[in-house]
>>> print(open('input_25.txt').read())   # compact mmCIF, C-alpha atoms
# COMPACT_ATOMS: atom_id res chain seq x y z
CA MET A 1 -0.59 7.54 -15.40
CA GLU A 2 0.11 8.59 -11.83
CA ALA A 3 -2.28 10.85 -9.93
CA THR A 4 -1.28 13.18 -7.12
CA THR A 5 -3.72 11.47 -4.74
CA THR A 6 -4.87 7.91 -4.14
CA VAL A 7 -6.55 6.04 -6.99
CA ALA A 8 -7.48 2.97 -4.91
CA ARG A 9 -6.82 1.60 -1.43
CA TRP A 10 -7.35 -1.71 0.41
CA THR A 11 -7.00 -2.64 4.09
CA TRP A 12 -6.62 -5.75 6.25
CA GLY A 13 -6.96 -5.91 10.03
CA ARG A 14 -7.25 -8.26 12.99
CA ASP A 15 -7.02 -8.45 16.76
CA LEU A 16 -3.75 -9.43 18.38
CA GLU A 17 -5.14 -11.79 21.01
CA ASP A 18 -3.29 -14.68 19.36
CA ALA A 19 0.07 -12.89 19.64
CA PRO A 20 0.68 -11.91 23.28
CA ASP A 21 4.42 -11.67 22.74
CA VAL A 22 4.17 -8.49 20.67
CA GLY A 23 3.43 -6.41 23.76
CA SER A 24 4.03 -2.83 22.79
CA GLY A 25 2.68 -3.11 19.27
CA VAL A 26 5.96 -2.13 17.61
CA GLY A 27 6.81 -5.73 16.80
CA ALA A 28 3.28 -6.48 15.62
CA CYS A 29 3.14 -3.44 13.38
CA LEU A 30 6.48 -4.19 11.74
CA ARG A 31 5.77 -7.91 11.43
CA GLU A 32 2.51 -7.31 9.54
CA LEU A 33 4.11 -4.64 7.36
CA LEU A 34 7.04 -6.85 6.38
CA THR A 35 4.80 -9.87 5.83
CA ALA A 36 2.77 -7.79 3.38
CA TYR A 37 5.93 -6.45 1.77
CA GLY A 38 7.13 -10.01 1.20
CA VAL A 39 3.91 -10.79 -0.69
CA LEU A 40 4.23 -7.70 -2.89
CA ARG A 41 7.88 -8.47 -3.51
CA ARG A 42 7.02 -11.98 -4.75
CA HIS A 43 4.65 -10.40 -7.25
CA ARG A 44 7.25 -7.73 -8.18
CA LEU A 45 4.83 -5.00 -7.14
CA MET A 46 7.57 -3.81 -4.79
CA VAL A 47 11.22 -4.40 -5.64
CA GLY A 48 14.66 -3.46 -4.40
CA ILE A 49 15.69 -2.53 -0.86
CA PRO A 50 12.73 -0.79 0.77
CA ARG A 51 12.80 2.34 2.90
CA MET A 52 10.73 1.83 6.05
CA SER A 53 9.59 4.80 8.14
CA VAL A 54 8.34 4.21 11.70
CA SER A 55 6.43 6.49 14.08
CA VAL A 56 5.79 5.55 17.71
CA HIS A 57 3.26 7.94 19.24
CA GLU A 58 3.31 8.71 22.97
CA ALA A 59 0.10 7.74 24.75
CA GLY A 60 -2.13 10.62 25.81
CA LYS A 61 -0.06 13.34 24.16
CA LYS A 62 -0.95 14.87 20.83
CA ASN A 63 1.85 15.16 18.27
CA SER A 64 4.36 13.62 20.68
CA TYR A 65 6.61 10.83 19.44
CA LEU A 66 8.80 8.36 21.29
CA PHE A 67 10.45 7.49 18.01
CA ARG A 68 10.15 8.85 14.50
CA GLY A 69 12.53 7.95 11.72
CA ASP A 70 13.66 5.53 9.02
CA VAL A 71 14.80 1.99 9.74
CA GLN A 72 17.09 0.17 7.32
CA ILE A 73 16.01 -3.39 6.63
CA SER A 74 17.16 -6.28 4.51
CA ALA A 75 14.87 -7.71 1.87
CA ALA A 76 16.66 -11.05 2.04
CA ALA A 77 15.74 -12.14 5.58
CA ALA A 78 12.41 -13.70 6.60
CA PRO A 79 9.70 -11.15 7.56
CA ALA A 80 9.43 -12.31 11.18
CA GLU A 81 13.20 -12.18 11.71
CA THR A 82 13.51 -8.80 10.01
CA ALA A 83 10.62 -7.41 12.07
CA ARG A 84 12.18 -8.57 15.36
CA ASP A 85 15.50 -6.97 14.46
CA ALA A 86 13.88 -3.71 13.35
CA ALA A 87 11.63 -3.58 16.44
CA LEU A 88 14.66 -4.05 18.70
CA ARG A 89 16.44 -1.15 17.03
CA VAL A 90 13.36 1.05 17.39
CA HIS A 91 13.06 0.19 21.10
CA GLU A 92 16.74 0.94 21.64
CA ALA A 93 16.34 4.37 20.02
CA MET A 94 13.04 5.29 21.72
CA ARG A 95 12.92 7.91 24.45
CA PRO A 96 11.17 6.92 27.71
CA GLY A 97 7.38 7.05 27.78
CA GLU A 98 4.21 5.03 27.30
CA ILE A 99 3.53 3.80 23.80
CA GLY A 100 0.19 4.81 22.34
CA SER A 101 0.03 3.81 18.68
CA VAL A 102 2.58 2.66 16.14
CA TYR A 103 2.56 3.40 12.43
CA ALA A 104 5.01 2.35 9.75
CA HIS A 105 5.09 2.53 5.98
CA ILE A 106 7.26 1.43 3.10
CA ASN A 107 8.04 3.30 -0.09
CA SER A 108 9.60 1.14 -2.76
CA PRO A 109 9.56 1.04 -6.55
CA GLY A 110 7.62 -1.70 -8.31
CA ASP A 111 7.57 -3.34 -11.71
CA VAL A 112 4.85 -2.82 -14.31
CA LEU A 113 4.50 -5.32 -17.16
CA LEU A 114 4.42 -3.48 -20.48
CA ASP A 115 4.96 -5.04 -23.92
CA ASP A 116 6.12 -8.33 -22.34
CA ALA A 117 8.84 -6.55 -20.34
CA TYR A 118 8.99 -5.17 -16.81
CA ARG A 119 9.46 -1.45 -16.26
CA SER A 120 10.29 -0.03 -12.85
CA GLU A 121 7.90 2.63 -11.52
CA PRO A 122 8.98 4.61 -8.43
CA GLY A 123 5.55 5.22 -6.90
CA LEU A 124 3.58 2.12 -7.78
CA PHE A 125 2.25 1.40 -4.27
CA ARG A 126 2.48 2.73 -0.73
CA LEU A 127 2.28 0.09 1.98
CA GLY A 128 1.45 0.96 5.58
CA SER A 129 0.72 -0.74 8.89
CA SER A 130 -0.53 0.42 12.29
CA ALA A 131 -1.00 -1.07 15.77
CA LEU A 132 -3.29 0.38 18.41
CA LEU A 133 -5.10 -1.09 21.43
CA GLY A 134 -4.48 -4.71 20.48
CA TYR A 135 -5.50 -4.26 16.85
CA VAL A 136 -3.15 -4.29 13.86
CA SER A 137 -4.00 -3.23 10.33
CA VAL A 138 -2.30 -3.02 6.95
CA ASP A 139 -3.18 -0.69 4.10
CA LEU A 140 -2.13 -0.72 0.46
CA ALA A 141 -2.66 2.30 -1.79
CA THR A 142 -1.89 3.05 -5.42
CA ARG A 143 -1.92 6.32 -7.34
CA THR A 144 -1.51 4.62 -10.71
CA ASP A 145 -3.95 3.28 -13.32
CA PHE A 146 -2.10 0.23 -14.68
CA TRP A 147 -4.79 -2.01 -13.15
CA LEU A 148 -7.72 -0.38 -14.94
CA PRO A 149 -9.30 -1.32 -18.30
CA TYR A 150 -9.19 2.40 -19.18
CA ASP A 151 -6.60 4.94 -18.09
CA LEU A 152 -7.56 7.97 -16.03
CA LYS A 153 -8.35 9.94 -19.18
CA GLY A 154 -10.86 7.27 -20.23
CA ARG A 155 -8.71 5.78 -23.00
CA PRO A 156 -8.75 1.99 -23.45
CA GLN A 157 -5.59 0.14 -22.43
CA PRO A 158 -6.46 -3.55 -22.96
CA GLU A 159 -2.87 -4.82 -23.12
CA VAL A 160 -1.79 -2.95 -19.98
CA HIS A 161 -4.87 -4.12 -18.11
CA ALA A 162 -4.55 -7.74 -19.24
CA ALA A 163 -0.90 -7.85 -18.15
CA ASN A 164 -1.19 -6.13 -14.77
CA ALA A 165 -4.72 -6.50 -13.38
CA PRO A 166 -4.24 -10.25 -12.73
CA ARG A 167 -1.00 -9.47 -10.88
CA LEU A 168 -2.83 -7.10 -8.55
CA SER A 169 -5.69 -9.57 -8.07
CA ALA A 170 -3.26 -12.35 -7.15
CA ALA A 171 -1.42 -10.07 -4.73
CA LEU A 172 -4.65 -9.02 -2.99
CA ARG A 173 -5.61 -12.68 -2.59
CA ASP A 174 -2.20 -13.61 -1.21
CA LEU A 175 -2.19 -10.62 1.16
CA SER A 176 -5.51 -11.78 2.61
CA GLN A 177 -4.06 -15.23 3.23
CA ALA A 178 -0.72 -14.02 4.62
CA LEU A 179 -2.34 -11.46 6.94
CA ASP A 180 -5.17 -13.80 8.00
CA SER A 181 -7.76 -11.13 7.20
CA ASP A 182 -10.35 -10.44 4.52
CA THR A 183 -9.47 -7.83 1.91
CA ASP A 184 -11.48 -4.69 2.64
CA PRO A 185 -11.71 -2.29 -0.33
CA ASP A 186 -11.70 1.35 0.71
CA ASP A 187 -14.38 3.81 -0.40
CA PRO A 188 -14.37 4.89 -4.06
CA THR A 189 -11.98 7.75 -4.79
CA ASN A 190 -12.24 10.53 -7.34
CA PHE A 191 -10.52 8.24 -9.82
CA ALA A 192 -11.77 4.67 -9.42
CA LYS A 193 -13.73 2.12 -7.40
CA PRO A 194 -11.68 -0.54 -5.60
CA HIS A 195 -13.11 -4.00 -4.93
CA GLU A 196 -11.82 -7.20 -3.33
CA THR A 197 -9.97 -8.39 -6.43
CA GLY A 198 -8.95 -5.13 -8.12
CA VAL A 199 -10.29 -1.75 -9.19
CA GLU A 200 -12.85 -0.42 -11.69
CA ASN A 201 -13.26 2.72 -13.81
CA TYR A 202 -16.13 5.15 -13.63
CA PHE A 203 -18.46 5.23 -16.64
CA ASP A 204 -20.80 7.87 -18.04
CA ARG A 205 -24.44 7.15 -18.72
CA ASP A 206 -23.61 6.42 -22.36
CA GLY A 207 -21.25 3.64 -21.26
CA ASN A 208 -17.99 5.44 -22.01
CA ALA A 209 -15.19 5.44 -19.46
CA ARG A 210 -15.11 8.79 -17.67
CA ASP A 211 -12.18 11.18 -18.07
CA VAL A 212 -11.45 11.67 -14.37
CA TRP A 213 -7.97 13.00 -15.06
CA ASP A 214 -9.12 16.32 -16.51
CA SER A 215 -11.68 16.66 -13.71
CA PHE A 216 -9.31 16.10 -10.78
CA GLU A 217 -5.80 16.67 -12.19
CA PRO A 218 -6.41 19.84 -14.23
CA HIS A 219 -2.94 21.32 -13.69
CA SER A 220 -0.95 18.17 -14.42
CA HIS A 221 1.01 17.80 -17.64
CA ARG A 222 1.82 14.10 -17.26
>>> encode(input="input_25.txt", output="structure tokens")
Amino acid sequence: MEATTTVARWTWGRDLEDAPDVGSGVGACLRELLTAYGVLRRHRLMVGIPRMSVSVHEAGKKNSYLFRGDVQISAAAAPAETARDAALRVHEAMRPGEIGSVYAHINSPGDVLLDDAYRSEPGLFRLGSSALLGYVSVDLATRTDFWLPYDLKGRPQPEVHAANAPRLSAALRDLSQALDSDTDPDDPTNFAKPHETGVENYFDRDGNARDVWDSFEPHSHR
């Protein structure tokens, strides 16, 4: 099931003191984003040619952008090489001004393992990255429940969970290593409680998984 808002979210972040060459933050932001994308691609949680959107905010001016648009990238090249090429194209297209913050995100379908076969899902994860004041962060969010022991209506899904929860856990571990940062689970959402290795359902006092779908998606027919 896919909710209209986030089911679970995780972040990674670190200072950029060890990477003085990134300068403006555009290169750093895109490098971290594409490094994370490479991890998710290895786990088939993102597949195909991704669509990357980039926003470069002008320093000191609200809602002012030096660049805002999509950047075509190749999934075949190494993340560092792809990031350098994409950052160069962004810089060439930017209007003059001082860079404040940089944000980029990738939307890409991903594969879910169901009945021993992969099925493509268009909105499996949203991957983002930002750079500001010498700090770069990555965030990963899902609106789906394939990682939970019970779906969002509280119905058991042991086969789905057994097939896909370990894939998410492995990806979170590998993201921490690739990004050189601890996995930081976001706050619990209306739907679930993320942790460092995955995500958990809510339960009622009687021990039954809570039907959060009917509570927070009352108008959905999915």
>>> closest_residue(input="input_25.txt", among="A:Ser108, A:Ser55, A:Thr183, A:Ser215", to="Arg14 in chain A", atoms="all atoms listed in the file")
A:Thr183
>>> closest_residue(input="input_25.txt", among="A:Val54, A:Ala209, A:Ile106, A:Leu152", to="Val26 in chain A", atoms="only C-alpha atoms")
A:Val54
>>> residues_around(input="input_25.txt", residues="Ser129 in chain A", least_positions_apart="4", cutoff="10 Å", atoms="only C-alpha atoms", output="ChimeraX atom specification")
/A:11-13,28-34,36,54,102-106,136-140
>>> atom_distance(input="input_25.txt", atom1="CA of His195 in chain A", atom2="CA of Asp145 in chain A")
14.4 Å
>>> closest_residue(input="input_25.txt", among="A:Trp10, A:Thr5, A:Ile73, A:Asp206", to="Asp184 in chain A", atoms="all atoms listed in the file")
A:Trp10
>>> atom_distance(input="input_25.txt", atom1="CA of His57 in chain A", atom2="CA of Gly100 in chain A")
5.4 Å
>>> closest_residue(input="input_25.txt", among="A:Asp115, A:Leu133, A:Arg44, A:Gly97", to="Leu168 in chain A", atoms="all atoms listed in the file")
A:Arg44
>>> residues_around(input="input_25.txt", residues="range 210-213 of chain A", least_positions_apart="2", cutoff="7 Å", atoms="only C-alpha atoms", output="ChimeraX atom specification")
/A:152-154,191,202-204,208,215-217
>>> closest_residue(input="input_25.txt", among="A:Leu88, A:Leu148, A:Met52, A:Val160", to="Gly128 in chain A", atoms="only C-alpha atoms")
A:Met52
